[in-house]
Structure formats: C-alpha cells, structure tokens
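> Coordinates in final.txt, compact mmCIF, C-alpha atoms, are listed below.
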# COMPACT_ATOMS: atom_id res chain seq x y z
CA ARG A 1062 9.11 7.60 -4.90
CA HIS A 1063 7.08 9.55 -7.39
CA GLY A 1064 8.79 12.48 -9.05
CA ASN A 1065 10.40 14.56 -6.32
CA MET A 1066 8.20 13.09 -3.58
CA ALA A 1067 9.41 10.40 -1.16
CA LEU A 1068 6.96 8.10 0.64
CA THR A 1069 8.64 6.29 3.54
CA TYR A 1070 7.02 3.32 5.29
CA GLU A 1071 8.05 1.28 8.29
CA THR A 1072 7.16 -2.36 7.69
CA ASP A 1073 7.35 -5.73 9.37
CA ASP A 1074 5.48 -9.01 8.93
CA LYS A 1075 2.21 -7.49 10.21
CA SER A 1076 2.29 -3.75 9.50
CA ALA A 1077 3.02 -1.10 6.88
CA ASN A 1078 2.77 2.36 8.42
CA MET A 1079 3.65 5.64 6.76
CA LYS A 1080 6.61 7.29 8.45
CA LYS A 1081 7.24 10.30 6.20
CA PHE A 1082 5.74 12.04 3.21
CA MET A 1083 8.41 14.52 2.16
CA PRO A 1084 9.72 16.34 -0.92
CA GLY A 1085 12.79 14.45 -2.14
CA GLU A 1086 15.56 13.57 0.27
CA ASN A 1087 15.72 16.92 2.05
CA GLN A 1088 15.18 15.45 5.51
CA ASN A 1089 17.51 17.01 8.07
CA GLY A 1090 15.50 16.46 11.22
CA PHE A 1091 12.73 14.43 12.77
CA HIS A 1092 10.52 15.34 15.71
CA GLY A 1093 9.27 12.05 17.10
CA HIS A 1094 6.85 9.81 15.28
CA PHE A 1095 3.33 8.39 15.40
CA LEU A 1096 3.14 5.83 12.63
CA LEU A 1097 -0.19 4.80 11.08
CA PRO A 1098 -1.61 3.42 7.82
CA ASN A 1099 -3.03 5.81 5.20
CA PHE A 1100 -6.64 5.59 6.42
CA SER A 1101 -8.82 6.38 9.42
CA ILE A 1102 -12.03 4.48 10.10
CA SER A 1103 -14.68 4.16 12.78
CA VAL A 1104 -17.39 1.55 13.33
CA ALA A 1105 -20.62 1.91 15.33
CA GLY A 1106 -20.35 0.28 18.74
CA TYR A 1107 -16.56 0.20 18.63
CA GLY A 1108 -14.39 2.63 20.62
CA TYR A 1109 -13.95 5.91 18.74
CA GLY A 1110 -10.57 6.63 20.26
CA LEU A 1111 -8.74 9.01 22.54
CA GLN A 1112 -9.56 12.07 20.44
CA GLU A 1113 -13.29 11.67 20.08
CA GLY A 1114 -13.67 15.43 19.80
CA VAL A 1115 -12.16 15.51 16.30
CA ASN A 1116 -13.46 13.88 13.15
CA SER A 1117 -10.54 11.55 12.53
CA GLY A 1118 -11.20 10.32 16.03
CA GLY A 1119 -8.08 8.40 16.84
CA SER A 1120 -9.91 5.10 16.51
CA CYS A 1121 -7.62 2.18 17.29
CA ILE A 1122 -8.84 0.23 14.23
CA PRO A 1123 -6.04 1.41 11.88
CA TRP A 1124 -3.17 0.40 14.17
CA GLN A 1125 -4.93 -2.84 15.15
CA SER A 1126 -5.20 -3.78 11.47
CA GLU A 1127 -2.58 -6.10 10.01
CA CYS A 1128 -1.02 -5.46 6.62
CA THR A 1129 -1.38 -8.57 4.45
CA GLY A 1130 0.36 -7.22 1.37
CA TYR A 1131 1.57 -4.20 -0.55
CA ALA A 1132 3.02 -3.50 -3.97
CA PHE A 1133 4.27 -0.36 -5.69
CA ASP A 1134 5.42 0.35 -9.25
CA GLU A 1135 5.73 3.41 -11.48
CA LYS A 1136 1.93 3.71 -11.72
CA GLY A 1137 1.16 3.63 -8.01
CA GLY A 1138 0.51 1.12 -5.29
CA VAL A 1139 -2.00 -0.84 -3.25
CA LEU A 1140 -1.71 -1.69 0.45
CA THR A 1141 -4.11 -4.25 1.98
CA TYR A 1142 -5.02 -4.47 5.66
CA VAL A 1143 -7.34 -6.73 7.66
CA HIS A 1144 -8.95 -6.25 11.06
CA LYS A 1145 -9.50 -9.77 12.38
CA GLU A 1146 -11.94 -8.93 15.17
CA LEU A 1147 -14.22 -6.74 13.04
CA LYS A 1148 -13.66 -8.86 9.93
CA LEU A 1149 -12.87 -5.94 7.69
CA LYS A 1150 -10.52 -5.70 4.72
CA ILE A 1151 -9.22 -2.22 3.87
CA GLU A 1152 -7.43 -1.45 0.61
CA VAL A 1153 -5.45 1.76 0.14
CA HIS A 1154 -5.15 2.69 -3.56
CA MET A 1155 -2.56 5.23 -4.68
CA GLU A 1156 -2.22 6.41 -8.26
CA PHE A 1157 0.90 8.31 -9.35
CA ILE A 1158 -0.19 11.03 -11.79
CA PRO A 1159 2.12 10.96 -14.86
CA GLY A 1160 4.12 14.14 -15.42
CA ALA A 1161 3.12 15.69 -12.09
CA ASP A 1162 4.24 15.28 -8.49
CA VAL A 1163 0.73 14.32 -7.43
CA ILE A 1164 -0.68 11.24 -5.72
CA ARG A 1165 -4.37 10.38 -6.14
CA GLN A 1166 -5.73 8.19 -3.35
CA TYR A 1167 -8.98 6.41 -2.55
CA ASN A 1168 -9.77 3.63 -0.07
CA THR A 1169 -12.08 0.61 -0.10
CA VAL A 1170 -13.42 -1.34 2.87
CA THR A 1171 -15.08 -4.77 2.60
CA ASN A 1172 -17.08 -6.67 5.21
CA THR A 1173 -15.58 -10.18 5.17
CA GLY A 1174 -17.63 -11.42 8.15
CA ASP A 1175 -21.04 -13.01 8.63
CA GLU A 1176 -22.79 -10.06 10.32
CA ASP A 1177 -23.67 -6.50 9.32
CA THR A 1178 -21.17 -3.74 10.14
CA VAL A 1179 -22.09 -0.05 10.33
CA LEU A 1180 -19.37 2.42 9.33
CA THR A 1181 -19.50 5.91 10.85
CA HIS A 1182 -16.27 7.32 9.42
CA PHE A 1183 -13.93 6.32 6.61
CA SER A 1184 -11.26 8.61 5.23
CA SER A 1185 -10.23 8.96 1.61
CA MET A 1186 -6.69 9.81 2.73
CA TYR A 1187 -4.71 9.97 5.94
CA LEU A 1188 -1.15 11.30 5.75
CA PRO A 1189 0.99 10.96 8.87
CA GLY A 1190 4.61 12.03 8.77
CA VAL A 1191 4.11 15.36 7.02
CA ALA A 1192 6.22 18.40 7.87
CA CYS A 1193 8.65 16.53 10.10
CA ASP A 1194 11.79 18.19 8.73
CA GLY A 1195 13.82 21.01 10.22
CA GLU A 1196 15.07 21.84 13.71
CA LEU A 1197 12.24 23.92 15.21
CA PRO A 1198 9.57 22.14 17.30
CA TRP A 1199 6.12 21.82 15.82
CA ASP A 1200 4.56 24.41 18.14
CA ASN A 1201 7.11 27.15 17.41
CA PRO A 1202 5.09 30.13 16.05
CA ASP A 1203 7.65 30.69 13.28
CA LYS A 1204 7.46 27.09 12.01
CA TYR A 1205 4.18 26.44 10.17
CA ARG A 1206 1.40 28.19 8.29
CA ILE A 1207 -1.98 26.81 7.20
CA ARG A 1208 -3.44 28.15 3.96
CA TYR A 1209 -7.09 27.70 3.03
CA CYS A 1210 -9.64 29.36 0.78
CA HIS A 1211 -12.94 31.02 1.74
CA SER A 1212 -15.66 31.00 -0.87
CA THR A 1213 -19.05 32.60 -1.44
CA TRP A 1214 -21.20 33.38 -4.47
CA GLN A 1215 -19.20 35.73 -6.73
CA GLY A 1216 -16.60 35.95 -3.96
CA GLU A 1217 -14.53 32.84 -4.52
CA GLY A 1218 -10.80 32.47 -4.05
CA GLN A 1219 -10.36 34.39 -0.79
CA TRP A 1220 -7.15 32.80 0.52
CA LYS A 1221 -6.26 33.01 4.20
CA CYS A 1222 -3.00 32.23 6.02
CA ILE A 1223 -2.84 31.44 9.76
CA THR A 1224 -0.39 29.95 12.26
CA LEU A 1225 -1.05 26.69 14.10
CA GLU A 1226 -1.70 28.69 17.26
CA GLU A 1227 -4.26 30.82 15.44
CA ALA A 1228 -5.83 27.54 14.29
CA GLY A 1229 -6.17 26.47 17.93
CA MET A 1230 -3.24 24.03 18.06
CA TYR A 1231 -0.57 24.73 20.66
CA SER A 1232 1.35 22.68 23.21
CA CYS A 1233 0.45 23.34 26.85
CA CYS A 1234 1.16 20.04 28.64
CA VAL A 1235 2.48 16.50 28.13
CA HIS A 1236 -0.87 15.19 26.88
CA ASN A 1237 -2.17 14.98 23.33
CA ASN A 1238 -3.32 18.14 21.64
CA THR A 1239 -7.12 17.85 21.62
CA ASN A 1240 -7.77 20.45 18.92
CA THR A 1241 -7.38 20.31 15.15
CA PHE A 1242 -7.94 22.66 12.23
CA GLN A 1243 -10.95 21.51 10.20
CA LEU A 1244 -12.78 22.63 7.09
CA SER A 1245 -16.06 21.04 6.02
CA SER A 1246 -18.95 21.39 3.63
CA ILE A 1247 -22.45 19.89 3.76
CA GLY A 1248 -24.67 19.21 0.78
CA SER A 1249 -24.04 19.24 -2.96
CA TRP A 1250 -22.64 22.80 -3.21
CA SER A 1251 -19.12 21.72 -2.44
CA THR A 1252 -17.61 25.24 -2.65
CA ALA A 1253 -20.35 27.16 -0.82
CA ARG A 1254 -18.14 28.06 2.19
CA TYR A 1255 -14.63 26.89 1.35
CA SER A 1256 -12.76 25.47 -1.60
CA PRO A 1257 -12.08 21.77 -0.86
CA VAL A 1258 -8.31 22.29 -0.59
CA ILE A 1259 -5.88 22.85 2.26
CA MET A 1260 -2.14 23.55 2.46
CA LEU A 1261 0.44 23.21 5.22
CA GLU A 1262 3.59 25.28 4.80
CA ASP A 1263 6.89 24.82 6.67
CA ILE A 1264 8.45 28.29 6.79
CA GLU A 1265 11.74 27.01 8.20
CA THR A 1266 12.48 24.39 5.55
CA LYS A 1267 10.53 26.00 2.69
CA GLN A 1268 8.38 22.94 2.08
CA ILE A 1269 4.67 22.71 1.43
CA TRP A 1270 1.99 20.00 1.54
CA TYR A 1271 -1.27 20.23 -0.38
CA ALA A 1272 -4.45 18.13 -0.23
CA GLN A 1273 -7.74 18.38 -2.08
CA ILE A 1274 -10.84 16.21 -2.28
CA GLU A 1275 -12.86 15.36 -5.42
CA THR A 1276 -16.56 15.42 -4.63
CA SER A 1277 -19.78 17.34 -5.19
CA SER A 1278 -21.17 16.16 -1.85
CA ALA A 1279 -20.22 16.66 1.81
CA TRP A 1280 -16.50 16.73 2.60
CA HIS A 1281 -14.10 17.32 5.47
CA LEU A 1282 -10.39 18.30 5.62
CA GLU A 1283 -8.30 18.24 8.78
CA ILE A 1284 -4.80 19.08 10.02
CA GLY A 1285 -3.81 17.91 13.48
CA HIS A 1286 -0.99 16.68 15.69
CA ARG A 1287 -0.72 13.23 17.29
CA LYS A 1288 1.69 11.60 19.68
CA GLN A 1289 1.78 8.84 22.25
CA ALA A 1290 -0.12 9.74 25.41
CA ALA A 1291 2.06 11.78 27.79
CA GLY A 1292 4.97 11.32 25.37
CA GLU A 1293 7.21 13.70 23.49
CA GLY A 1294 7.55 14.37 19.78
CA GLY A 1295 4.67 13.22 17.62
CA GLN A 1296 3.77 14.29 14.11
CA LEU A 1297 1.42 16.51 12.18
CA TYR A 1298 -1.04 14.77 9.89
CA MET A 1299 -3.47 15.67 7.11
CA GLU A 1300 -6.77 13.91 6.56
CA ALA A 1301 -9.49 14.13 3.91
CA ASP A 1302 -12.84 12.38 3.83
CA GLY A 1303 -16.33 12.54 2.40
CA ALA A 1304 -17.79 9.92 4.72
CA ASP A 1305 -18.26 11.04 8.31
CA GLU A 1306 -21.10 10.89 10.81
CA ASN A 1307 -19.99 13.96 12.75
CA THR A 1308 -19.80 16.24 9.70
CA SER A 1309 -22.79 15.22 7.64
CA GLY A 1310 -24.67 12.43 9.41
CA TRP A 1311 -23.09 9.84 7.10
CA ALA A 1312 -23.23 6.14 7.96
CA ARG A 1313 -23.09 3.03 5.81
CA ARG A 1314 -24.31 -0.45 6.69
CA LEU A 1315 -22.18 -3.14 5.10
CA LYS A 1316 -23.83 -6.52 4.81
CA PRO A 1317 -21.55 -9.57 4.54
CA GLY A 1318 -19.55 -9.23 1.32
CA ASP A 1319 -20.47 -5.56 0.79
CA SER A 1320 -17.81 -2.93 0.03
CA PHE A 1321 -17.64 0.85 0.17
CA THR A 1322 -15.18 3.01 -1.79
CA THR A 1323 -14.40 6.60 -0.80
CA VAL A 1324 -14.35 9.65 -3.03
CA PRO A 1325 -10.81 10.31 -4.36
CA THR A 1326 -8.32 12.83 -3.06
CA GLU A 1327 -5.03 14.27 -4.28
CA ALA A 1328 -1.90 15.13 -2.31
CA LEU A 1329 1.47 16.60 -3.14
CA THR A 1330 4.52 17.99 -1.39
CA ARG A 1331 7.10 20.34 -2.87
CA GLN A 1332 10.27 22.18 -2.00
CA TRP A 1333 10.02 25.90 -2.73
CA SER A 1334 11.97 29.12 -2.27
CA ARG A 1335 10.89 32.74 -2.17
Take the structure from the file and write it as structure tokens.

Amino acid sequence: RHGNMALTYETDDKSANMKKFMPGENQNGFHGHFLLPNFSISVAGYGYGLQEGVNSGGSCIPWQSECTGYAFDEKGGVLTYVHKELKLKIEVHMEFIPGADVIRQYNTVTNTGDEDTVLTHFSSMYLPGVACDGELPWDNPDKYRIRYCHSTWQGEGQWKCITLEEAGMYSCCVHNNTNTFQLSSIGSWSTARYSPVIMLEDIETKQIWYAQIETSSAWHLEIGHRKQAAGEGGQLYMEADGADENTSGWARRLKPGDSFTTVPTEALTRQWSR
C-alpha cells in the first residue's frame, strides 16, 4: 500500500503479476482477470502477440518471464523478472512519492546473453487490474469515461471526455477487443498535440485512475481491454511508454551486458465524489 492506494499481486514461486490497482479497500466486485507484470516488451524476430494492431502488442514475453525476486517498503519496490530463452532481465522500479498518493515507475532491461538483442517496444509502465470494481460490465455505456487533453500553441488545456464506445472499444463477440484508445506524440515538442496525461474514470464507483509520462521526446499512452481468447471477463489496462517502433520508429540494440532504462511515469488512483 501507499497512502490510500492498494497494489495487489498474485504470486507463486515463478511469477508476480499485478491483480488490482485500486483506491483503498473499496473493492466490491471483480469482472474476470488477466494478470500480467508491470511491463510490456517486444523483441525483433520474436512473436509480437495476438494484438499486433496495438502498440502494447500482447507480446507473450511478459507472461513467459519468471519473477526471481521482489521487495517493497515505505519508499517503494523493485520486482525482477528473467526471460530464459531471450536471456533478458527486466527490473520494475516503483517509487512511492512522500506525502502524495502517487507512484513513480520506470523499467530497466538488461541483455544477459551472448548475442545482440534488438528491442522494438518497452513500456515505462503497464497497469493491469485497473477499474475492476463495481457491478456493471466493462462495456456498459454508463460505466467508464476517458479524459484527455488536446493542446496547440496558445490553445493548451482543452480537456475532452468520451465513453469507451466513443473511443472505439465495445464488446461484439467472444473474442478479444482489437481496438484501444491511444494518444501519442513524435519529436521533442511533447505537448504539441496532447498533454502527456490520461485519465480513466469509473462513474459507477466514483473512482479515477491517472497516468502521465515524463519526457521531452516521443511518447505513447494507451487504455485497452484484455482477456483470455474466447473467454469472459478480462480487465482494462493502462500503458505508458517512450520507446516504441510503431509510434516513433524507436529500436534499441542491446549488446551482451547492455541495459536500457525507460523514461519515468507517474500513476495514481483516487476515490472521489461529486
């Protein structure tokens, strides 16, 4: 826990996957689950995943990775994962901001093998298990709102509010939803089109989730829904990254022993009332 925020993980001897990221203990319902670590990553020549049409991809690398250790205290936590086939070590760093219900996260990947590895995507933050409270299903039009901020020169701060359906996410069949809501920026003017922040609001439970990314270069923010193929339930997720081939042509070659650290992000969740 940090402040009024509760981070819930499901762990065993090989995994540590986030189950919920919720404000306090106000958890009166749960619509399925799709548990994953707090990162998404893709490697050139390795399968990009079932949702190759979206930036976070659905690469199988995160759920193939084994957790080799984790530790949390009042200052934050570190979770360490290894992918044995690709010979990668991924470290998830979380800092608890003193006096504020805010988590600052960045991730580091290290090539522990003997050959070069080319990264094509590596997220600064991946938050599964958001907005899984309440009784209404995720695709109910009265359930969620996405808030984001348009920006232009001398026209900053133009906030917009849309439903998931207006964002292109709606349930039509038993298969995975293939669309997501994405914001992105290319180049060093990081607020040229949008402010690098995004919010997901649960109207039913009066809860909100907020994510922002710290960078003056290209960035990408995403909200989507994932579940097991042809299964029920699933969960909404939020992702932030500044390292993606699809968005900005980014790629990084890691020689043996090389590491790459993402730009930092912040996330929070709060209970509110009108």
> Between CA of Gly1303 in chain A and CA of Glu1071 in chain A, measure the distance and give it in Å to one decimal.
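Calculated distance between CA of Gly1303 in chain A and CA of Glu1071 in chain A is 27.5 Å.
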> So how far away is CA of Lys1136 in chain A from CA of Asp1073 in chain A, in Å?
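Distance reported for this atom pair: 23.7 Å.
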> Contacts of Gln1243 in chain A at 7 Å or less, counting only C-alpha atoms, minus same-chain residues fewer than 4 places along, as an NGL selection string?
:A and (1282-1284)
> Would you work out the distance separating CA of Thr1178 in chain A from CA of Lys1148 in chain A, expressed in Å to one decimal?
9.1 Å
> Point out the residue among A:Val1163, A:Ile1259, A:Cys1128, A:Ala1253 with the least atom-to-atom distance to Leu1140 in chain A, counting only C-alpha atoms.
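Distance minimum relative to Leu1140 in chain A lands on A:Cys1128.
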> Give me the residues near range 1149-1157 of chain A as a list of chain:residue names, where near means some atom within 8 Å (using all atoms listed in the file) and where sequence neighbours in that chain fewer than 2 positions away do not count.
A:His1063, A:Asn1099, A:Phe1100, A:Glu1135, A:Lys1136, A:Gly1137, A:Gly1138, A:Val1139, A:Leu1140, A:Thr1141, A:Tyr1142, A:Val1143, A:His1144, A:Lys1145, A:Leu1147, A:Pro1159, A:Asp1162, A:Val1163, A:Ile1164, A:Arg1165, A:Gln1166, A:Tyr1167, A:Asn1168, A:Thr1169, A:Val1170, A:Thr1171, A:Asn1172, A:Thr1173, A:Gly1174
> I want to know what sits within 9 Å of range 1189-1204 of chain A, based on only C-alpha atoms, with residues of the same chain fewer than 4 positions away left out; could you give that as number ranges by chain?
A: 1069, 1078-1083, 1087-1099, 1224-1226, 1230-1232, 1261-1266, 1268-1270, 1286-1287, 1294-1300, 1330
> Calculated over only C-alpha atoms, which of the candidates A:Arg1331, A:His1211, A:Arg1206, A:Arg1313 has the smallest distance to Ala1105 in chain A?
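Of the candidates, the smallest distance to Ala1105 in chain A is held by A:Arg1313.
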> Which residues, written as a list in words, have at least one atom at most 12 Å from Gly1106 in chain A, with only C-alpha atoms counted and residues fewer than 4 positions away on the same chain left out?
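Residues meeting the cut-off are Gly1110, Ser1120, Leu1147, Thr1178, Val1179, Leu1180 and Thr1181 of chain A.
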> Given all atoms listed in the file as the basis, pick out the residue of A:Gln1219, A:Met1260, A:Trp1280, A:Leu1244 nearest to Asp1305 in chain A.
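For Asp1305 in chain A, the nearest of the given residues is A:Trp1280.
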> Using all atoms listed in the file, list the residues that have an atom at most 7 Å from (-15.5, 5.2, 11.4), coordinates as in the file, as an MDAnalysis selection string.
chainID A and resid 1102:1104 1180:1183
> Name the residues within 7 Å of (-12.8, 10.6, 2.5), counting all atoms listed in the file in the file's coordinates, and put them as number ranges by chain.
A: 1183-1186, 1301-1304, 1323-1324
> Go through A:Lys1288, A:Glu1176, A:Lys1316, A:Ala1132 one by one, measure the shortest atom-to-atom distance of each to Asn1237 in chain A using only C-alpha atoms, and give the residue with the smallest value.
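Checking each of A:Lys1288, A:Glu1176, A:Lys1316, A:Ala1132 against Asn1237 in chain A, counting only C-alpha atoms, the winner is A:Lys1288.
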> For Thr1072 in chain A, which residue out of A:Gly1160, A:Gly1248, A:Gly1130, A:Gly1216 is the nearest one, using only C-alpha atoms?
A:Gly1130
> Quick one: residues within 9 Å of Ser1278 in chain A, only C-alpha atoms, excluding same-chain residues fewer than 4 positions away - as a list in words?
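That gives Ser1246, Ile1247, Gly1248, Ser1249, Trp1250, Ser1251 and Gly1303 of chain A.
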> May I ask which of the residues A:Thr1326, A:Gln1125, A:Gly1318, A:Gly1285 is the closest one to Thr1241 in chain A, counting all atoms listed in the file?
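Closest candidate: A:Gly1285.
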> Please supply range 1153-1176 of chain A, rebuilt with N, CA and C atoms, as a PDB file, in the coordinates of the input.

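The result, stored in rebuild.pdb:
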ATOM      1  N   VAL A1153      -5.893   0.406   0.412  1.00  0.00           N
ATOM      2  CA  VAL A1153      -5.450   1.760   0.140  1.00  0.00           C
ATOM      3  C   VAL A1153      -4.915   1.807  -1.285  1.00  0.00           C
ATOM      4  N   HIS A1154      -5.545   2.587  -2.148  1.00  0.00           N
ATOM      5  CA  HIS A1154      -5.150   2.690  -3.560  1.00  0.00           C
ATOM      6  C   HIS A1154      -4.480   4.028  -3.803  1.00  0.00           C
ATOM      7  N   MET A1155      -3.272   4.001  -4.319  1.00  0.00           N
ATOM      8  CA  MET A1155      -2.560   5.230  -4.680  1.00  0.00           C
ATOM      9  C   MET A1155      -2.206   5.204  -6.153  1.00  0.00           C
ATOM     10  N   GLU A1156      -2.556   6.273  -6.854  1.00  0.00           N
ATOM     11  CA  GLU A1156      -2.220   6.410  -8.260  1.00  0.00           C
ATOM     12  C   GLU A1156      -1.207   7.543  -8.406  1.00  0.00           C
ATOM     13  N   PHE A1157      -0.097   7.280  -9.087  1.00  0.00           N
ATOM     14  CA  PHE A1157       0.900   8.310  -9.350  1.00  0.00           C
ATOM     15  C   PHE A1157       0.535   9.001 -10.668  1.00  0.00           C
ATOM     16  N   ILE A1158       0.239  10.299 -10.603  1.00  0.00           N
ATOM     17  CA  ILE A1158      -0.190  11.030 -11.790  1.00  0.00           C
ATOM     18  C   ILE A1158       1.012  11.262 -12.708  1.00  0.00           C
ATOM     19  N   PRO A1159       0.974  10.790 -13.961  1.00  0.00           N
ATOM     20  CA  PRO A1159       2.120  10.960 -14.860  1.00  0.00           C
ATOM     21  C   PRO A1159       2.419  12.429 -15.135  1.00  0.00           C
ATOM     22  N   GLY A1160       3.689  12.795 -15.090  1.00  0.00           N
ATOM     23  CA  GLY A1160       4.120  14.140 -15.420  1.00  0.00           C
ATOM     24  C   GLY A1160       3.859  15.176 -14.353  1.00  0.00           C
ATOM     25  N   ALA A1161       3.398  14.741 -13.176  1.00  0.00           N
ATOM     26  CA  ALA A1161       3.120  15.690 -12.090  1.00  0.00           C
ATOM     27  C   ALA A1161       3.437  15.027 -10.757  1.00  0.00           C
ATOM     28  N   ASP A1162       3.959  15.809  -9.828  1.00  0.00           N
ATOM     29  CA  ASP A1162       4.240  15.280  -8.490  1.00  0.00           C
ATOM     30  C   ASP A1162       2.963  15.270  -7.669  1.00  0.00           C
ATOM     31  N   VAL A1163       2.031  14.402  -8.064  1.00  0.00           N
ATOM     32  CA  VAL A1163       0.730  14.320  -7.430  1.00  0.00           C
ATOM     33  C   VAL A1163       0.375  12.850  -7.204  1.00  0.00           C
ATOM     34  N   ILE A1164      -0.164  12.568  -6.036  1.00  0.00           N
ATOM     35  CA  ILE A1164      -0.680  11.240  -5.720  1.00  0.00           C
ATOM     36  C   ILE A1164      -2.193  11.339  -5.582  1.00  0.00           C
ATOM     37  N   ARG A1165      -2.901  10.469  -6.260  1.00  0.00           N
ATOM     38  CA  ARG A1165      -4.370  10.380  -6.140  1.00  0.00           C
ATOM     39  C   ARG A1165      -4.683   9.135  -5.317  1.00  0.00           C
ATOM     40  N   GLN A1166      -5.455   9.307  -4.246  1.00  0.00           N
ATOM     41  CA  GLN A1166      -5.730   8.190  -3.350  1.00  0.00           C
ATOM     42  C   GLN A1166      -7.216   8.016  -3.121  1.00  0.00           C
ATOM     43  N   TYR A1167      -7.648   6.744  -3.035  1.00  0.00           N
ATOM     44  CA  TYR A1167      -8.980   6.410  -2.550  1.00  0.00           C
ATOM     45  C   TYR A1167      -8.862   5.082  -1.803  1.00  0.00           C
ATOM     46  N   ASN A1168      -9.815   4.820  -0.917  1.00  0.00           N
ATOM     47  CA  ASN A1168      -9.770   3.630  -0.070  1.00  0.00           C
ATOM     48  C   ASN A1168     -11.048   2.822  -0.219  1.00  0.00           C
ATOM     49  N   THR A1169     -10.932   1.518  -0.041  1.00  0.00           N
ATOM     50  CA  THR A1169     -12.080   0.610  -0.100  1.00  0.00           C
ATOM     51  C   THR A1169     -12.094  -0.277   1.136  1.00  0.00           C
ATOM     52  N   VAL A1170     -13.268  -0.441   1.732  1.00  0.00           N
ATOM     53  CA  VAL A1170     -13.420  -1.340   2.870  1.00  0.00           C
ATOM     54  C   VAL A1170     -14.465  -2.398   2.515  1.00  0.00           C
ATOM     55  N   THR A1171     -14.189  -3.641   2.894  1.00  0.00           N
ATOM     56  CA  THR A1171     -15.080  -4.770   2.600  1.00  0.00           C
ATOM     57  C   THR A1171     -15.381  -5.523   3.892  1.00  0.00           C
ATOM     58  N   ASN A1172     -16.659  -5.855   4.077  1.00  0.00           N
ATOM     59  CA  ASN A1172     -17.080  -6.670   5.210  1.00  0.00           C
ATOM     60  C   ASN A1172     -16.869  -8.143   4.843  1.00  0.00           C
ATOM     61  N   THR A1173     -15.880  -8.771   5.465  1.00  0.00           N
ATOM     62  CA  THR A1173     -15.580 -10.180   5.170  1.00  0.00           C
ATOM     63  C   THR A1173     -16.205 -11.122   6.186  1.00  0.00           C
ATOM     64  N   GLY A1174     -17.028 -10.595   7.115  1.00  0.00           N
ATOM     65  CA  GLY A1174     -17.630 -11.420   8.150  1.00  0.00           C
ATOM     66  C   GLY A1174     -19.006 -11.926   7.787  1.00  0.00           C
ATOM     67  N   ASP A1175     -19.711 -12.428   8.811  1.00  0.00           N
ATOM     68  CA  ASP A1175     -21.040 -13.010   8.630  1.00  0.00           C
ATOM     69  C   ASP A1175     -22.154 -12.125   9.181  1.00  0.00           C
ATOM     70  N   GLU A1176     -21.798 -10.950   9.743  1.00  0.00           N
ATOM     71  CA  GLU A1176     -22.790 -10.060  10.320  1.00  0.00           C
ATOM     72  C   GLU A1176     -22.645  -8.658   9.716  1.00  0.00           C
TER      73      GLU A1176
END
